[in-house]
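Text of the file run.txt, holding compact mmCIF, C-alpha atoms:
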```
# COMPACT_ATOMS: atom_id res chain seq x y z
CA PHE T 7 -124.30 -44.78 133.06
CA ARG T 8 -127.28 -45.72 135.18
CA HIS T 9 -127.82 -42.48 137.08
CA ASN T 10 -129.06 -40.49 134.07
CA LEU T 11 -130.93 -43.26 132.29
CA PHE T 12 -134.37 -42.76 133.70
CA THR T 13 -136.13 -41.62 136.78
CA MET T 14 -136.75 -45.02 138.28
CA ARG T 15 -137.03 -43.53 141.73
CA PHE T 16 -140.48 -42.19 141.00
CA ALA T 17 -141.51 -45.84 141.03
CA PRO T 18 -143.88 -45.61 144.05
CA ALA T 19 -146.45 -43.65 142.09
CA LEU T 20 -145.83 -45.71 138.98
CA ALA T 21 -145.98 -48.98 140.84
CA SER T 22 -149.37 -48.28 142.35
CA LEU T 23 -150.67 -47.92 138.83
CA LEU T 24 -148.71 -50.61 137.06
CA ILE T 25 -150.05 -53.56 139.00
CA SER T 26 -153.49 -52.64 140.21
CA ARG T 27 -154.10 -56.26 141.13
CA SER T 28 -150.91 -56.90 143.01
CA SER T 29 -152.90 -58.10 146.02
CA ALA T 30 -153.87 -61.10 143.93
CA PHE T 31 -150.24 -62.18 144.06
CA HIS T 32 -149.79 -61.93 147.83
CA LEU T 33 -149.66 -65.51 148.95
CA SER T 34 -151.75 -65.50 152.10
CA SER T 35 -152.60 -69.19 152.47
CA SER T 36 -151.18 -71.20 149.60
CA ARG T 37 -148.29 -70.02 147.44
CA LEU T 38 -148.98 -72.84 145.00
CA ALA T 39 -152.63 -71.93 144.61
CA ALA T 40 -151.76 -68.30 144.01
CA ARG T 41 -149.21 -69.28 141.39
CA ALA T 42 -151.78 -71.42 139.62
CA ALA T 43 -154.21 -68.51 139.59
CA MET T 44 -151.64 -65.93 138.55
CA MET T 45 -152.11 -66.15 134.79
CA THR T 46 -155.84 -65.55 135.08
CA THR T 47 -155.26 -62.27 136.88
CA PHE T 48 -153.06 -60.67 134.22
CA ALA T 49 -155.66 -58.43 132.62
CA THR T 50 -155.42 -54.96 131.17
CA THR T 51 -156.90 -52.30 133.44
CA ASP T 52 -157.13 -48.56 132.91
CA SER T 53 -154.45 -47.97 135.52
CA SER T 54 -152.02 -50.55 134.12
CA ARG T 55 -152.58 -49.21 130.60
CA GLU T 56 -151.90 -45.62 131.61
CA ALA T 57 -148.83 -46.63 133.60
CA LEU T 58 -147.33 -48.46 130.63
CA LYS T 59 -148.09 -45.54 128.34
CA GLU T 60 -146.21 -43.29 130.78
CA CYS T 61 -143.34 -45.72 131.39
CA PRO T 62 -139.86 -44.46 132.34
CA THR T 63 -137.57 -43.34 129.55
CA ILE T 64 -133.88 -43.57 128.76
CA ILE T 65 -132.19 -40.45 127.42
CA LEU T 66 -130.22 -41.11 124.24
CA ASN T 67 -127.06 -39.25 123.28
CA ASP T 68 -129.04 -36.77 121.15
CA GLY T 69 -131.46 -35.96 123.99
CA THR T 70 -134.28 -38.19 122.72
CA ALA T 71 -136.38 -39.86 125.42
CA HIS T 72 -136.51 -43.56 124.52
CA PRO T 73 -139.20 -45.67 126.28
CA ALA T 74 -137.59 -48.15 128.65
CA ILE T 75 -139.92 -50.92 127.50
CA GLY T 76 -141.36 -51.83 124.13
CA PHE T 77 -143.16 -54.57 122.25
CA GLY T 78 -141.05 -56.74 119.96
CA THR T 79 -142.66 -58.00 116.74
CA TYR T 80 -140.18 -60.70 115.60
CA LYS T 81 -142.00 -63.96 114.75
CA VAL T 82 -145.30 -62.27 115.58
CA GLY T 83 -147.78 -63.46 112.97
CA PHE T 84 -145.00 -64.34 110.52
CA ILE T 85 -141.80 -66.38 110.68
CA PRO T 86 -139.08 -65.32 108.19
CA ALA T 87 -137.80 -68.06 105.91
CA SER T 88 -134.21 -67.78 107.16
CA ALA T 89 -135.14 -67.53 110.85
CA SER T 90 -132.96 -69.77 113.01
CA SER T 91 -135.95 -72.01 113.69
CA ALA T 92 -139.65 -71.93 113.06
CA VAL T 93 -140.51 -73.14 116.52
CA SER T 94 -137.88 -73.37 119.27
CA ALA T 95 -138.14 -75.48 122.35
CA GLY T 96 -139.60 -73.43 125.15
CA THR T 97 -141.13 -70.74 122.95
CA GLU T 98 -144.84 -70.00 122.94
CA SER T 99 -146.11 -72.63 120.57
CA THR T 100 -149.25 -72.19 118.53
CA THR T 101 -149.38 -75.88 117.62
CA GLY T 102 -153.00 -77.00 117.51
CA ALA T 103 -154.33 -73.47 117.42
CA PRO T 104 -154.62 -70.88 114.65
CA GLN T 105 -151.65 -68.53 114.48
CA ARG T 106 -152.69 -65.03 115.47
CA THR T 107 -151.84 -62.32 112.97
CA ALA T 108 -149.36 -59.57 113.70
CA GLN T 109 -152.23 -57.10 113.38
CA GLU T 110 -154.13 -58.84 116.16
CA CYS T 111 -151.09 -59.11 118.42
CA VAL T 112 -149.98 -55.51 117.94
CA ALA T 113 -153.56 -54.31 118.48
CA ASP T 114 -153.48 -56.11 121.83
CA ALA T 115 -150.09 -54.63 122.68
CA LEU T 116 -151.33 -51.11 121.97
CA ASP T 117 -154.44 -51.77 124.06
CA CYS T 118 -152.19 -52.90 126.92
CA GLY T 119 -150.43 -49.54 126.73
CA TYR T 120 -147.24 -50.33 124.81
CA ARG T 121 -146.19 -47.32 122.76
CA PHE T 122 -142.73 -48.39 121.59
CA LEU T 123 -142.96 -50.92 118.75
CA GLU T 124 -139.81 -52.72 117.59
CA CYS T 125 -140.07 -53.67 113.92
CA ALA T 126 -137.84 -54.70 111.01
CA GLU T 127 -137.82 -55.35 107.28
CA PHE T 128 -136.74 -58.92 108.03
CA TYR T 129 -139.75 -59.59 110.25
CA GLY T 130 -142.02 -59.47 107.21
CA ASN T 131 -145.01 -58.07 109.08
CA GLU T 132 -144.68 -54.28 109.01
CA SER T 133 -147.85 -53.86 106.92
CA GLU T 134 -149.77 -55.80 109.58
CA VAL T 135 -148.22 -53.62 112.29
CA GLY T 136 -149.33 -50.57 110.32
CA LYS T 137 -152.90 -51.83 110.11
CA ALA T 138 -152.99 -52.30 113.87
CA ILE T 139 -151.69 -48.79 114.42
CA ALA T 140 -154.23 -47.30 112.00
CA GLN T 141 -157.15 -49.06 113.66
CA SER T 142 -155.99 -48.35 117.22
CA GLY T 143 -156.71 -44.64 117.16
CA VAL T 144 -153.36 -44.00 118.89
CA LYS T 145 -151.88 -40.72 117.74
CA ARG T 146 -148.57 -40.88 115.88
CA GLU T 147 -146.91 -38.52 118.35
CA GLU T 148 -147.66 -40.99 121.15
CA LEU T 149 -145.74 -43.77 119.40
CA PHE T 150 -142.03 -44.56 119.26
CA LEU T 151 -141.40 -46.62 116.13
CA CYS T 152 -138.15 -48.46 115.49
CA SER T 153 -137.30 -50.47 112.39
CA LYS T 154 -134.23 -52.12 110.86
CA VAL T 155 -132.92 -52.57 107.31
CA TRP T 156 -131.95 -56.14 106.40
CA THR T 157 -128.68 -57.54 105.07
CA THR T 158 -129.92 -58.18 101.54
CA THR T 159 -130.95 -54.56 101.16
CA ILE T 160 -127.72 -53.33 102.76
CA GLU T 161 -125.69 -55.33 100.21
CA ASN T 162 -127.70 -53.91 97.34
CA GLY T 163 -126.59 -50.36 98.13
CA PRO T 164 -127.92 -46.88 98.90
CA ASP T 165 -130.83 -46.89 96.43
CA ALA T 166 -132.11 -50.15 97.87
CA VAL T 167 -131.79 -48.82 101.43
CA ARG T 168 -133.73 -45.69 100.50
CA ALA T 169 -136.44 -47.72 98.73
CA GLN T 170 -136.79 -50.01 101.74
CA LEU T 171 -137.22 -47.10 104.12
CA GLU T 172 -139.98 -45.74 101.89
CA LYS T 173 -141.68 -49.15 101.99
CA THR T 174 -141.39 -49.30 105.78
CA LEU T 175 -142.87 -45.82 106.09
CA SER T 176 -145.75 -46.80 103.82
CA ASP T 177 -146.35 -50.11 105.60
CA LEU T 178 -146.36 -48.49 109.03
CA GLY T 179 -148.50 -45.59 107.83
CA THR T 180 -146.13 -42.82 108.87
CA ASP T 181 -143.87 -40.23 107.27
CA TYR T 182 -140.97 -40.68 109.69
CA ILE T 183 -139.31 -43.34 111.83
CA ASP T 184 -138.17 -42.51 115.35
CA LEU T 185 -135.23 -44.91 115.16
CA TYR T 186 -133.84 -46.78 112.14
CA LEU T 187 -131.12 -49.39 112.54
CA ILE T 188 -128.60 -51.32 110.46
CA HIS T 189 -129.69 -54.90 111.25
CA TRP T 190 -126.27 -56.55 110.84
CA PRO T 191 -122.82 -55.09 110.05
CA VAL T 192 -122.56 -56.57 106.54
CA PRO T 193 -118.84 -56.65 105.68
CA GLY T 194 -117.84 -54.02 103.16
CA LYS T 195 -121.37 -52.62 103.00
CA HIS T 196 -122.60 -51.49 106.41
CA VAL T 197 -120.65 -48.21 106.53
CA GLU T 198 -122.12 -47.12 103.19
CA ALA T 199 -125.59 -48.08 104.39
CA TYR T 200 -125.12 -46.15 107.62
CA LYS T 201 -124.11 -43.03 105.69
CA THR T 202 -127.25 -43.44 103.58
CA LEU T 203 -129.26 -43.36 106.79
CA GLU T 204 -127.48 -40.13 107.73
CA THR T 205 -128.73 -38.60 104.47
CA LEU T 206 -132.25 -39.82 105.18
CA LYS T 207 -132.02 -38.35 108.67
CA LYS T 208 -131.16 -34.95 107.18
CA GLU T 209 -134.25 -35.29 104.99
CA GLY T 210 -136.39 -35.77 108.10
CA LYS T 211 -137.48 -39.32 107.35
CA ILE T 212 -135.45 -40.74 110.23
CA LYS T 213 -135.27 -39.06 113.62
CA GLY T 214 -132.46 -41.21 114.99
CA ILE T 215 -129.98 -43.79 113.69
CA GLY T 216 -128.76 -46.91 115.42
CA VAL T 217 -127.19 -50.28 114.83
CA SER T 218 -127.96 -53.87 115.70
CA ASN T 219 -125.76 -56.89 116.35
CA TYR T 220 -122.62 -54.76 116.19
CA ALA T 221 -119.44 -55.89 117.87
CA PHE T 222 -117.53 -52.98 119.34
CA GLU T 223 -115.06 -53.33 116.47
CA ASP T 224 -117.87 -52.79 113.94
CA TYR T 225 -118.80 -49.63 115.78
CA LEU T 226 -115.18 -48.44 115.69
CA GLU T 227 -115.17 -49.07 111.94
CA LEU T 228 -118.09 -46.67 111.58
CA LYS T 229 -116.30 -44.02 113.61
CA ASP T 230 -113.06 -44.48 111.68
CA ASN T 231 -114.91 -43.90 108.40
CA GLY T 232 -116.13 -40.42 109.27
CA ILE T 233 -119.78 -40.80 110.16
CA GLU T 234 -121.53 -37.59 111.22
CA PHE T 235 -123.98 -38.97 113.79
CA LEU T 236 -122.96 -41.55 116.35
CA PRO T 237 -125.41 -44.46 116.73
CA LEU T 238 -127.98 -43.82 119.43
CA VAL T 239 -128.45 -47.52 120.23
CA ASN T 240 -127.02 -50.95 119.59
CA GLN T 241 -129.65 -53.69 119.64
CA ILE T 242 -128.10 -56.98 120.76
CA GLU T 243 -129.13 -60.09 122.60
CA ILE T 244 -128.89 -59.43 126.34
CA ASN T 245 -130.13 -61.60 129.17
CA PRO T 246 -128.44 -63.19 132.19
CA PHE T 247 -127.37 -66.11 130.00
CA LEU T 248 -125.66 -63.83 127.48
CA TYR T 249 -124.38 -60.89 129.49
CA ARG T 250 -121.37 -59.57 127.55
CA LYS T 251 -120.20 -57.17 130.18
CA ASN T 252 -117.08 -55.80 128.47
CA THR T 253 -118.93 -55.11 125.23
CA ILE T 254 -121.82 -53.49 127.07
CA GLU T 255 -119.52 -51.30 129.14
CA ALA T 256 -117.58 -50.20 126.05
CA PHE T 257 -120.74 -49.05 124.28
CA ALA T 258 -122.11 -47.41 127.41
CA LYS T 259 -118.87 -45.50 127.92
CA ASP T 260 -119.30 -44.06 124.41
CA GLY T 261 -122.90 -43.05 125.10
CA VAL T 262 -124.58 -45.81 123.08
CA VAL T 263 -127.68 -47.25 124.78
CA LEU T 264 -128.23 -51.00 124.56
CA GLN T 265 -131.56 -52.38 123.39
CA SER T 266 -132.04 -55.94 124.61
CA TYR T 267 -133.57 -58.52 122.34
CA ARG T 268 -134.29 -62.05 123.57
CA SER T 269 -134.69 -60.41 126.95
CA LEU T 270 -136.83 -63.39 127.98
CA ARG T 271 -134.54 -65.86 126.20
CA ASP T 272 -137.42 -67.09 124.03
CA GLY T 273 -138.94 -68.73 127.08
CA LYS T 274 -136.08 -71.20 127.42
CA ALA T 275 -135.11 -70.18 130.98
CA MET T 276 -138.50 -70.30 132.64
CA ASN T 277 -137.57 -73.38 134.70
CA ASP T 278 -134.04 -72.31 135.58
CA PRO T 279 -133.65 -72.94 139.34
CA THR T 280 -131.83 -69.67 140.03
CA LEU T 281 -134.56 -67.67 138.34
CA THR T 282 -137.42 -69.62 139.85
CA LYS T 283 -136.01 -69.10 143.35
CA ILE T 284 -135.67 -65.34 142.86
CA ALA T 285 -139.16 -65.22 141.34
CA HIS T 286 -140.51 -67.16 144.31
CA ASP T 287 -138.84 -64.77 146.75
CA HIS T 288 -140.45 -61.74 145.06
CA ASP T 289 -143.83 -63.36 144.30
CA LYS T 290 -143.16 -62.64 140.65
CA SER T 291 -142.95 -64.67 137.46
CA VAL T 292 -139.61 -65.64 135.94
CA ALA T 293 -140.39 -63.37 132.97
CA GLN T 294 -140.78 -60.43 135.34
CA ILE T 295 -137.44 -61.20 136.98
CA LEU T 296 -135.71 -61.26 133.60
CA GLY T 297 -137.40 -58.00 132.62
CA ARG T 298 -136.52 -56.33 135.89
CA TRP T 299 -132.88 -57.40 135.48
CA CYS T 300 -132.82 -55.57 132.13
CA ILE T 301 -134.44 -52.48 133.59
CA GLN T 302 -132.04 -52.28 136.53
CA HIS T 303 -129.07 -52.55 134.18
CA GLY T 304 -130.41 -49.67 132.09
CA PHE T 305 -131.12 -51.70 128.97
CA VAL T 306 -134.16 -51.10 126.78
CA TYR T 307 -136.39 -54.08 127.51
CA MET T 308 -138.29 -55.46 124.49
CA PRO T 309 -140.43 -58.48 125.39
CA LYS T 310 -142.74 -60.06 122.87
CA SER T 311 -145.67 -62.43 123.09
CA VAL T 312 -148.67 -63.43 121.04
CA LYS T 313 -150.76 -63.76 124.21
CA LYS T 314 -152.31 -60.65 125.69
CA GLU T 315 -152.14 -61.82 129.29
CA ARG T 316 -148.40 -62.28 128.91
CA MET T 317 -148.04 -58.85 127.32
CA VAL T 318 -149.51 -57.47 130.54
CA GLU T 319 -147.37 -59.72 132.74
CA ASN T 320 -144.14 -58.86 130.89
CA ALA T 321 -144.70 -55.15 131.48
CA GLN T 322 -145.12 -55.42 135.24
CA VAL T 323 -141.49 -54.80 136.11
CA PHE T 324 -141.48 -51.34 137.67
CA ASP T 325 -142.98 -52.03 141.09
CA PHE T 326 -140.12 -53.98 142.67
CA GLU T 327 -136.32 -54.14 142.75
CA LEU T 328 -133.85 -56.97 142.73
CA THR T 329 -131.24 -56.88 145.46
CA GLU T 330 -127.59 -56.29 144.71
CA ASP T 331 -126.86 -59.93 145.53
CA GLU T 332 -129.61 -61.11 143.20
CA MET T 333 -128.29 -58.93 140.38
CA THR T 334 -124.78 -60.29 140.94
CA THR T 335 -126.09 -63.85 140.90
CA LEU T 336 -127.95 -63.28 137.64
CA ASP T 337 -124.94 -61.53 136.12
CA SER T 338 -122.89 -64.68 136.70
CA LEU T 339 -125.10 -67.05 134.69
CA THR T 340 -123.27 -66.48 131.40
CA THR T 341 -120.92 -69.36 130.62
CA PRO T 342 -117.86 -69.56 128.31
CA ASP T 343 -119.90 -71.88 126.08
CA ALA T 344 -122.53 -69.16 125.70
CA ILE T 345 -119.87 -66.66 124.61
CA ASP T 346 -118.45 -69.17 122.12
CA ALA T 347 -121.93 -69.79 120.73
CA PHE T 348 -122.42 -66.03 120.32
CA VAL T 349 -119.17 -65.72 118.35
CA GLY T 350 -120.24 -68.52 116.05
CA LEU T 351 -123.63 -66.91 115.45
CA TYR T 352 -122.05 -63.52 114.78
CA ARG T 353 -119.70 -64.99 112.15
CA LYS T 354 -122.59 -66.80 110.50
CA CYS T 355 -125.06 -63.93 110.45
CA VAL T 356 -123.14 -60.89 109.24
CA ASN T 357 -123.29 -62.34 105.71
CA ARG T 358 -126.69 -63.97 106.16
CA ASP T 359 -129.01 -63.73 103.13
CA THR T 360 -126.34 -61.95 101.08
CA SER T 361 -124.36 -63.23 98.07
CA LYS T 362 -121.67 -64.28 100.58
CA ASP T 363 -124.02 -66.27 102.81
CA GLY T 364 -122.27 -69.31 104.25
CA THR T 365 -118.79 -67.85 103.85
CA MET T 366 -116.41 -65.99 106.16
CA ASP T 367 -115.67 -63.44 103.43
CA GLY T 368 -114.94 -60.13 105.14
CA VAL T 369 -116.06 -61.37 108.57
CA LYS T 370 -114.10 -59.97 111.53
CA MET T 371 -112.50 -62.96 113.21
CA GLU T 372 -111.20 -61.01 116.21
CA ILE T 373 -113.89 -59.14 118.12
CA THR T 374 -114.66 -58.30 121.72
CA ALA T 375 -116.72 -61.38 122.48
CA ASP T 376 -117.60 -60.93 126.15
```

Could I get this file's structure written as structure tokens?
Amino acid sequence: FRHNLFTMRFAPALASLLISRSSAFHLSSSRLAARAAMMTTFATTDSSREALKECPTIILNDGTAHPAIGFGTYKVGFIPASASSAVSAGTESTTGAPQRTAQECVADALDCGYRFLECAEFYGNESEVGKAIAQSGVKREELFLCSKVWTTTIENGPDAVRAQLEKTLSDLGTDYIDLYLIHWPVPGKHVEAYKTLETLKKEGKIKGIGVSNYAFEDYLELKDNGIEFLPLVNQIEINPFLYRKNTIEAFAKDGVVLQSYRSLRDGKAMNDPTLTKIAHDHDKSVAQILGRWCIQHGFVYMPKSVKKERMVENAQVFDFELTEDEMTTLDSLTTPDAIDAFVGLYRKCVNRDTSKDGTMDGVKMEITAD
């Protein structure tokens, strides 16, 4: 799975570009002083921008080159009403300061060099993303745009799915989407929605189709119902604290690439002693260790931040490697409680915001959890 994902071995040339200020992180006299100064040195430079624009790619099962890193836009400038929480402990809080708009944040991300933008109907900010794109001057062919259709629309049927895609295209200011995903496998409805996306793909409005939050059994349901195009990706939560190895391996074996959301665990692991030790050993931040872990596993890494300096920091993951022992250590951080919590969230969310919200109606009770 890993050997044909992307040409990571050209990293020497890439690395020299990606962190042009790496010398600022070499702790010559005081490691503590350098750590304190680190955040002030994360600034966009021409070399770091160009390196991110030319980041490694992962080849999807249709031959498409998918950027290995992208900018996530969930809770950027807007928090959906049914989001799990408005502000979670450990996330970047904007308390006491004006909330930056999605347009401002995405403009910064594009200036940093991000060219893959991860969007969704549910995020409620696609029009702001579109404004940032329009004002950036970045050519459409340089961008890789991904969006997702939400559960409410999926339940409402093919016409609603088609209408939502048209709205997304209008909001983003484009006539096609590189990748369009089913956000959750709504029971009794997601197969029909997926087949609608196949029709839209044939019309040229979607280049590639994928899924999100699918258990392997949901994926098998698609296959058993005669879909024409296999999903290119499955977007699920992946980080060392929710590393569902059997599920990941099953999708990989079938040629489905995994996009990782909550790659940085919403900032909740920044003081974890295992991560801080590995970060210390590499003179890197914890966020960079989490990102590098994703990259080395071959997952699409999708960090998000409302702070430009962190956008730069999060992208600096291509100039070093974690050792095999470090990868094994990080792989082992997932606990049985974390798997149980995932199962509970899956059962809750497949009907979220639909007429069956709060019920187990149609929910698969037996899935590959780990």

Where does region 190-301 of chain T meet region 113-137 of chain T within 12 Å, residue by residue, with the nearest atom pair and distance in Å to one decimal for each, counting only C-alpha atoms, listed by chain and rising number, as JSON lines?
```
{"residue": "T:Trp190", "atom": "CA", "partner": "T:Phe128", "partner_atom": "CA", "distance": 11.1}
{"residue": "T:Ser218", "atom": "CA", "partner": "T:Ala126", "partner_atom": "CA", "distance": 11.0}
{"residue": "T:Gln241", "atom": "CA", "partner": "T:Glu124", "partner_atom": "CA", "distance": 10.4}
{"residue": "T:Gln265", "atom": "CA", "partner": "T:Glu124", "partner_atom": "CA", "distance": 10.1}
{"residue": "T:Ser266", "atom": "CA", "partner": "T:Glu124", "partner_atom": "CA", "distance": 11.0}
{"residue": "T:Tyr267", "atom": "CA", "partner": "T:Glu124", "partner_atom": "CA", "distance": 9.8}
```

Q.
Would you pick out the contacts of Gly194 (chain T) at 12 Å or less, using only C-alpha atoms, so that residues sharing its chain but fewer than 6 positions from it are not included, and give the list as a PyMOL selection string?
A. chain T and resi 157+160-163+200+224+227-228+231+356-357+360+362+367-370

To one decimal place, how far is CA of Ile301 (chain T) from CA of Gly76 (chain T) in Å?
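Separation between CA of Ile301 (chain T) and CA of Gly76 (chain T): 11.7 Å.
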
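With distances taken over all atoms listed in the file, T:Leu185 is the one residue among T:Thr329, T:Leu185, T:Arg353, T:Ala256 lying closest to Gly210 (chain T).
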
I'd like the contact shell of Ile284 (chain T) - 8 Å cut-off, all atoms listed in the file, skipping same-chain residues fewer than 4 positions apart - returned as a PDB file with C-alpha atoms, in the coordinates of the input.
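This is the output file selection_8.pdb:
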```pdb
ATOM      1  CA  THR T 280    -131.830 -69.670 140.030  1.00  0.00           C
ATOM      2  CA  HIS T 288    -140.450 -61.740 145.060  1.00  0.00           C
ATOM      3  CA  VAL T 292    -139.610 -65.640 135.940  1.00  0.00           C
ATOM      4  CA  ILE T 295    -137.440 -61.200 136.980  1.00  0.00           C
ATOM      5  CA  GLU T 332    -129.610 -61.110 143.200  1.00  0.00           C
TER       6      GLU T 332
END
```

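Comparing the minimum interatomic distances between Val82 (chain T) and each of T:Glu148, T:Asp272, T:Glu198, T:Glu110, counting all atoms listed in the file, we find that T:Glu110 sits nearest.
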
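The gap separating CA of Gly297 (chain T) from CA of Ser269 (chain T) is 6.7 Å, in Å to one decimal.
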
Closest to Cys152 (chain T) among T:Ala344, T:Ala258, T:Met308, T:Cys111, using all atoms listed in the file?
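Nearest to Cys152 (chain T): T:Met308.
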
Up to 12 Å from (-127.7, -41.1, 109.2) in the file's coordinates: name the residues, counting only C-alpha atoms, as a PDB file with C-alpha atoms, keeping the file's coordinate frame.
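Below is the file point30.pdb, written as the result:
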```
ATOM      1  CA  PRO T 164    -127.920 -46.880  98.900  1.00  0.00           C
ATOM      2  CA  VAL T 167    -131.790 -48.820 101.430  1.00  0.00           C
ATOM      3  CA  ARG T 168    -133.730 -45.690 100.500  1.00  0.00           C
ATOM      4  CA  LEU T 185    -135.230 -44.910 115.160  1.00  0.00           C
ATOM      5  CA  TYR T 186    -133.840 -46.780 112.140  1.00  0.00           C
ATOM      6  CA  LEU T 187    -131.120 -49.390 112.540  1.00  0.00           C
ATOM      7  CA  ILE T 188    -128.600 -51.320 110.460  1.00  0.00           C
ATOM      8  CA  HIS T 196    -122.600 -51.490 106.410  1.00  0.00           C
ATOM      9  CA  VAL T 197    -120.650 -48.210 106.530  1.00  0.00           C
ATOM     10  CA  GLU T 198    -122.120 -47.120 103.190  1.00  0.00           C
ATOM     11  CA  ALA T 199    -125.590 -48.080 104.390  1.00  0.00           C
ATOM     12  CA  TYR T 200    -125.120 -46.150 107.620  1.00  0.00           C
ATOM     13  CA  LYS T 201    -124.110 -43.030 105.690  1.00  0.00           C
ATOM     14  CA  THR T 202    -127.250 -43.440 103.580  1.00  0.00           C
ATOM     15  CA  LEU T 203    -129.260 -43.360 106.790  1.00  0.00           C
ATOM     16  CA  GLU T 204    -127.480 -40.130 107.730  1.00  0.00           C
ATOM     17  CA  THR T 205    -128.730 -38.600 104.470  1.00  0.00           C
ATOM     18  CA  LEU T 206    -132.250 -39.820 105.180  1.00  0.00           C
ATOM     19  CA  LYS T 207    -132.020 -38.350 108.670  1.00  0.00           C
ATOM     20  CA  LYS T 208    -131.160 -34.950 107.180  1.00  0.00           C
ATOM     21  CA  GLU T 209    -134.250 -35.290 104.990  1.00  0.00           C
ATOM     22  CA  GLY T 210    -136.390 -35.770 108.100  1.00  0.00           C
ATOM     23  CA  LYS T 211    -137.480 -39.320 107.350  1.00  0.00           C
ATOM     24  CA  ILE T 212    -135.450 -40.740 110.230  1.00  0.00           C
ATOM     25  CA  LYS T 213    -135.270 -39.060 113.620  1.00  0.00           C
ATOM     26  CA  GLY T 214    -132.460 -41.210 114.990  1.00  0.00           C
ATOM     27  CA  ILE T 215    -129.980 -43.790 113.690  1.00  0.00           C
ATOM     28  CA  GLY T 216    -128.760 -46.910 115.420  1.00  0.00           C
ATOM     29  CA  VAL T 217    -127.190 -50.280 114.830  1.00  0.00           C
ATOM     30  CA  LEU T 228    -118.090 -46.670 111.580  1.00  0.00           C
ATOM     31  CA  GLY T 232    -116.130 -40.420 109.270  1.00  0.00           C
ATOM     32  CA  ILE T 233    -119.780 -40.800 110.160  1.00  0.00           C
ATOM     33  CA  GLU T 234    -121.530 -37.590 111.220  1.00  0.00           C
ATOM     34  CA  PHE T 235    -123.980 -38.970 113.790  1.00  0.00           C
ATOM     35  CA  LEU T 236    -122.960 -41.550 116.350  1.00  0.00           C
ATOM     36  CA  PRO T 237    -125.410 -44.460 116.730  1.00  0.00           C
ATOM     37  CA  LEU T 238    -127.980 -43.820 119.430  1.00  0.00           C
TER      38      LEU T 238
END
```

Which of these, T:Lys59, T:Lys81, T:His72, T:His189, has the shortest distance to Val263 (chain T) once you count only C-alpha atoms?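 Nearest candidate to Val263 (chain T) out of T:Lys59, T:Lys81, T:His72, T:His189: T:His72.
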
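Distance-wise, CA of Ser53 (chain T) and CA of Gln302 (chain T) end up 22.8 Å apart.
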
Given all atoms listed in the file as the counted atoms, nearest of T:Val192, T:Ile373, T:Leu281, T:Leu175 to Ala221 (chain T):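 Among the listed residues, T:Ile373 lies closest to Ala221 (chain T).
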